[in-house]
Each structure stands twice: as C-alpha cells, then as structure tokens.
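Undergrad: This structure is in structure tokens; I'll ask about it shortly.
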Amino acid sequence: MFSKKICDSLASGSMIRAMFEQGNKLKAQFGADNVFDFALGNPDPEPDQEIIDDIRALAGEPGIHKYMSNAGFTDVREKIADHMSAESGRAFTAEDIVMVVGAAAGLSVTFHSLLDPGDEVITLAPYFMEYNSYVGNQGGVVRPVPTLRGSFRPDVPAIRAAITARTKAIILNSPNNPSGAVYPEEDLVALSEALDDAEAEFGHPVYVVSDEPYAKIIYDGVKVPSVARIFRNSITVNSFSKSLALPGERIGFVAVCPDMADKDLLDAALVYSNRTLGFVNAPAIFQKVVVNHLDRAVGLDAYRERRDMLYDILTGAGFECTKPQGAFYLFPKSPIPDDKEFAAIALRHRTIVVAGSGFSYPGYFRLSYCVSRDTIKGSEKAFREIMKEIGQ
C-alpha cells in the first residue's frame, strides 16, 4: 500500500497544475493561438545575455562541478550576506546564508528545521497552496488568516487573534502570489508589535518566514520593505526563478537574521536539513551565476506593459480588480459567487484561469500575465463573451 497521505494529496491535487493541463488539451484541440492560457506563473522573458554568458564561462571553470559545503560556496554566501546587510542594516555573515535548490526547497529546509509535529504556521490568504505541503510534510498545521478584501493587506488584529501557544511561525509572501499586493511597512511594523505581544504571552517567539521570490518584480515606484530589518526573528527565503527568469535551474538561498536568539543553532539546523532532505547542496554553477546579478530583474518593463494591458481589458469588460503592485499576477473578483464555476465558464471560452479557492481565497480568480502580448490581446473578446454569458 502506498502512502495514504500522498494518495490523499494526489486526490486533492493542485488547481494551478490541473488548469495548466486543461490548457494543453485545448491547445491540442483548437491550436495554441486560439487558447488564452493564464494558468501558470512561468517567466516569459529569456535570461539576459550576460547571464547566458556567465553560465557558459562558469561551466568550464576547474572544480566547479565538485562537492562543496552543504551550505554552498563560501564566497557566494559572503556576497549574499553583504547584499542582505545593505538592504536590512543588519550584520549578516556567510554563516547566516544557506544556498538552496530554489525557494520551494528553502521553505522545506526551513520548516524541517523549525517544526515539531502539531506546531502551527499562520499563512495570509490568499497564499500559494504548496505552503500546505511544506508545513504538512513536517507534521505542522497551517492556519490561514484572510487578508483584507480588496487591498489584500494583512489583517493584523486577526493574525494576533489566531496565534496560540502552538504557533511556531508565520509566512509572509510580498509581493504576493496570487494578488500581487506588496505589504506596506506600517502593516509589518504593526505585525512586529503583535508578535512581540504574543511572545510575551506564550513565552516563545513566532518566527517570520518571508518567501520573497518576487521581491525584485515591483512597479510604479513601490518599495518592498525589508522583513529582515523589521523582524528580529526572521528567516528570508529567496530564489532567482522569477527575478532572473531561471525557474528551471532551481537556485535560491535562506538567510537567518543575525540578531535572532540562538541563530547559530538554526544556521546549523538548516545545513543539516539541506543535506538530510536529499538536496545535499544547491546547483554549483548557478550559485556562482546569480551573485553577479543580485539587484537585477529580467523583463520588468515587459511585465509592467502586460499588467496594464490585461488590467485594462478586464476592467473594460466589467471585472472588479485591484491593480497589483508586484509579481506577475492579477487577482480579480469573480463576477459570480462560485469562483470554481466561473473558471469552468472561462474554460468554455478557451480561457484558462485559476479559481481563488486554489489559494484559500474563494470569490476571486488568478491570471498570470507573464504570457505573450498576443495572448493578452486575443483574450479581450473572450472576457467580454464570458461576461455576456454570465449576464453582466
């Protein structure tokens, strides 16, 4: 008999991947140009030529393909520590950085190091539903707290009310997948005060795990506040899948705030978890590649243009939508209460969206605009026809 836990997970599945597969079937039937697929957040631009040149040059470097420390190359970690120090004002060192196999592995390593069975982790809905697995794999329990409707800002009083004696951590994801919201600094400061209050009540910290793969994909002069600066008990998880358009290379890092109590023990636990979960170490070539491009964001102008195009199409068709400040998703309100039924209606018009229920936030739906301009332009008629069918 196979694992019941895994079999149950397979049965529930991922709405994102399910809609992606539906899109592939429609493309095979009607042709790719006649299907408007907004399901998957797969970066559209190719990596910059400078990045490609670095990959080619490093591939032949002597020793590059050998084992290194499970935490990654020391020189790479030093550069990332300097980068984190400049952004946060905290004195990161190489010992506080662990190179990981993308943000997904970074989160898995982090929760493997933090959680005992039954520990609770607060998520701010809407959220990327794979968090359920990263936490659940370690015996943890996810406790979703909805963000404020419309703005998708953290509801700090609701978060404080959700904290119990078993709460071990809270996940922040800003810019957010799926809403594109950037959590304002004033909200994070208020949250920090709420966590201090909870620590005083329960006698232990609530760790802030900040998932930041979209931190460089921001628009309109918006600034992403430094979580490491605001929260002493913070763990930053980042990847270069989105910022450098390298999702298939699986490269990222975990950074432990240097002012955290017992941070040396957590540093060691992360390295141990990185090894024993089977990652061993992050891809060698790409450790060296990414540190040359820490401040870059590939395709930002294209994403901004496509955001505006799709936003104008949707609002012009009558959808209610908050313009996102970052990432590459729109999260409009469903024009009917049942967001899953709306996704099914859209499918009949060869338009692939993901229901908000797939992000623990029913009544909305997600569109990824890291797609071609032709796909966005072609979708205008489809969205109008969808609204016409619904009777809006």
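If you're wondering about the labels, chains in the structure tokens are A, B, ... by order shown, residues count from 1 in each chain, ligands from 1 in order shown.
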Enumerate, as a ChimeraX atom specification, the complete set of residues in range 348-384 of chain A that a backbone-based DSSP assignment places in strand (DSSP E).
TA: /A:351-352,354-355,365-368
Undergrad: Which residues are near Asp220 in chain A? Cut-off 8 Å, only C-alpha atoms, ignore same chain within fewer than 2 positions. Put them as a ChimeraX atom specification.
TA: /A:218,222,325
Undergrad: Using N, CA and C atoms, can you export the residues from the last selection as a PDB file, in the first residue's frame?
TA:
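What ended up in out.pdb:
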```pdb
ATOM      1  N   ILE A 218       8.562  44.626  -9.073  1.00  0.00           N
ATOM      2  CA  ILE A 218       7.682  45.637  -8.492  1.00  0.00           C
ATOM      3  C   ILE A 218       7.542  46.795  -9.472  1.00  0.00           C
ATOM      4  N   VAL A 222       6.929  51.518  -6.177  1.00  0.00           N
ATOM      5  CA  VAL A 222       6.647  50.866  -4.888  1.00  0.00           C
ATOM      6  C   VAL A 222       7.928  50.266  -4.312  1.00  0.00           C
ATOM      7  N   GLN A 325       0.779  45.630  -7.369  1.00  0.00           N
ATOM      8  CA  GLN A 325       1.994  46.438  -7.222  1.00  0.00           C
ATOM      9  C   GLN A 325       3.260  45.654  -7.537  1.00  0.00           C
TER      10      GLN A 325
END
```
Undergrad: Mind checking which residues fall within 12 Å of range 56-58 of chain A, counting only C-alpha atoms, ignoring those fewer than 4 positions away in the same chain, and posting them as number ranges by chain?
TA: A: 49-52, 62-65, 284-290, 292
Undergrad: Which residue out of A:Asp96, A:Phe328, A:Ile80, A:Ala269 has the minimum interatomic distance to Ser113 in chain A when only C-alpha atoms are used?
TA: A:Ala269
Undergrad: Of the candidates A:Leu266, A:Cys257, A:Leu330, A:Ile390, which one gets nearest to Val109 in chain A if we count only C-alpha atoms?
TA: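 Among A:Leu266, A:Cys257, A:Leu330, A:Ile390, it is A:Leu266 that comes nearest to Val109 in chain A.
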Undergrad: Applying 10 Å and only C-alpha atoms, which residues near Glu87 in chain A remain after dropping the ones on its own chain fewer than 4 positions away? List them as an MDAnalysis selection string.
TA: chainID A and resid 81:83 225:229
Undergrad: Restricted to N, CA and C atoms, what would the selected residues look like written as a JSON list (two decimals), in the first residue's frame?
TA:
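Writing the result to again-v3.json gives the following:
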```json
[["chain", "number", "residue", "atom", "x", "y", "z"],
["A", 81, "ALA", "N", 25.42, 37.68, 1.86],
["A", 81, "ALA", "CA", 25.37, 38.28, 3.20],
["A", 81, "ALA", "C", 25.58, 39.79, 3.12],
["A", 82, "ASP", "N", 26.53, 40.23, 2.30],
["A", 82, "ASP", "CA", 26.76, 41.67, 2.13],
["A", 82, "ASP", "C", 25.52, 42.34, 1.54],
["A", 83, "HIS", "N", 24.89, 41.67, 0.59],
["A", 83, "HIS", "CA", 23.67, 42.20, -0.05],
["A", 83, "HIS", "C", 22.54, 42.32, 0.98],
["A", 225, "PRO", "N", 9.38, 46.62, 1.73],
["A", 225, "PRO", "CA", 10.10, 46.80, 3.00],
["A", 225, "PRO", "C", 10.96, 45.58, 3.32],
["A", 226, "SER", "N", 12.06, 45.83, 3.99],
["A", 226, "SER", "CA", 12.95, 44.74, 4.39],
["A", 226, "SER", "C", 12.39, 44.03, 5.61],
["A", 227, "VAL", "N", 11.98, 42.79, 5.43],
["A", 227, "VAL", "CA", 11.47, 41.99, 6.54],
["A", 227, "VAL", "C", 12.58, 41.75, 7.56],
["A", 228, "ALA", "N", 13.80, 41.53, 7.07],
["A", 228, "ALA", "CA", 14.92, 41.27, 7.98],
["A", 228, "ALA", "C", 15.20, 42.47, 8.88],
["A", 229, "ARG", "N", 14.93, 43.67, 8.39],
["A", 229, "ARG", "CA", 15.14, 44.87, 9.20],
["A", 229, "ARG", "C", 14.06, 45.01, 10.27]]
```
Undergrad: Write down as a ChimeraX atom specification the residues of range 151-278 of chain A whose backbone DSSP state falls under alpha helix (DSSP H).
TA: /A:156-162,185-202,227-230,263-276
Undergrad: Take CA of Lys323 in chain A and CA of Ala297 in chain A and report the distance between them in Å, one decimal.
TA: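 One can read the CA of Lys323 in chain A to CA of Ala297 in chain A distance as 19.9 Å.
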Undergrad: Could you list, with a cut-off of 8 Å and counting only C-alpha atoms, the residues of range 122-158 of chain A near range 359-380 of chain A, each shown with its nearest atom pair and the distance in Å rounded to one decimal, rows sorted by chain and ascending number, as a tab-separated table?
TA:
```
residue	atom	partner	partner_atom	distance
A:Ala125	CA	A:Ser360	CA	5.9
A:Pro126	CA	A:Phe359	CA	5.0
A:Tyr127	CA	A:Phe359	CA	5.1
A:Phe128	CA	A:Phe359	CA	5.8
A:Met129	CA	A:Phe359	CA	5.6
A:Pro144	CA	A:Ser360	CA	7.7
A:Pro146	CA	A:Tyr361	CA	7.4
```
Undergrad: Go ahead and dump the residues you just picked, C-alpha atoms, as an mmCIF file, in the first residue's frame.
TA:
```
data_model
loop_
_atom_site.group_PDB
_atom_site.id
_atom_site.type_symbol
_atom_site.label_atom_id
_atom_site.label_comp_id
_atom_site.auth_asym_id
_atom_site.auth_seq_id
_atom_site.Cartn_x
_atom_site.Cartn_y
_atom_site.Cartn_z
ATOM 1 C CA ALA A 125 -4.732 34.126 2.459
ATOM 2 C CA PRO A 126 -4.617 34.272 -0.480
ATOM 3 C CA TYR A 127 -1.439 32.230 -0.489
ATOM 4 C CA PHE A 128 0.463 29.718 -2.621
ATOM 5 C CA MET A 129 -1.116 26.431 -1.619
ATOM 6 C CA PRO A 144 -4.912 30.573 7.231
ATOM 7 C CA PRO A 146 -7.609 36.100 5.344
#
```
Undergrad: With only C-alpha atoms as the basis for distance, which of A:Ser179, A:Ala198, A:Lys340, A:His293 is at the shortest distance from Thr322 in chain A?
TA: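 Ranked by minimum distance to Thr322 in chain A, first place goes to A:Ser179.
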Undergrad: So which one's closest to Phe152 in chain A, A:Ala200, A:Val353, A:Ala181, A:Val135? Using only C-alpha atoms, please.
TA: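 Counting only C-alpha atoms, the residue closest to Phe152 in chain A is A:Ala181.
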Undergrad: Could you check which of A:Val142, A:Met99, A:Ala261, A:Leu314 is closest to Pro283 in chain A, using only C-alpha atoms?
TA: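 Among the listed residues, A:Met99 lies closest to Pro283 in chain A.
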Undergrad: Near Glu199 in chain A, counting only C-alpha atoms, which residues have an atom at most 12 Å away, once you skip same-chain residues fewer than 3 positions from it, shown as a ChimeraX atom specification?
TA: /A:160,163-169,192-196,202-207,233
Undergrad: Find, counting only C-alpha atoms, the residue in A:Pro324, A:Pro117, A:Gly358, A:Gly150 that gets nearest to Ala39 in chain A.
TA: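 Using only C-alpha atoms, the shortest distance to Ala39 in chain A belongs to A:Gly358.
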Undergrad: Which polymer residues have any atom within 9 Å of an atom of Glu78 in chain A, counting only C-alpha atoms, with same-chain residues fewer than 5 positions away left out, as an MDAnalysis selection string?
TA: chainID A and resid 73 83 92:95 97
Undergrad: What does the distance between CA of Ser151 in chain A and CA of Ala317 in chain A come to in Å, to one decimal place?
TA: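 Result for CA of Ser151 in chain A versus CA of Ala317 in chain A: 20.9 Å, one decimal.
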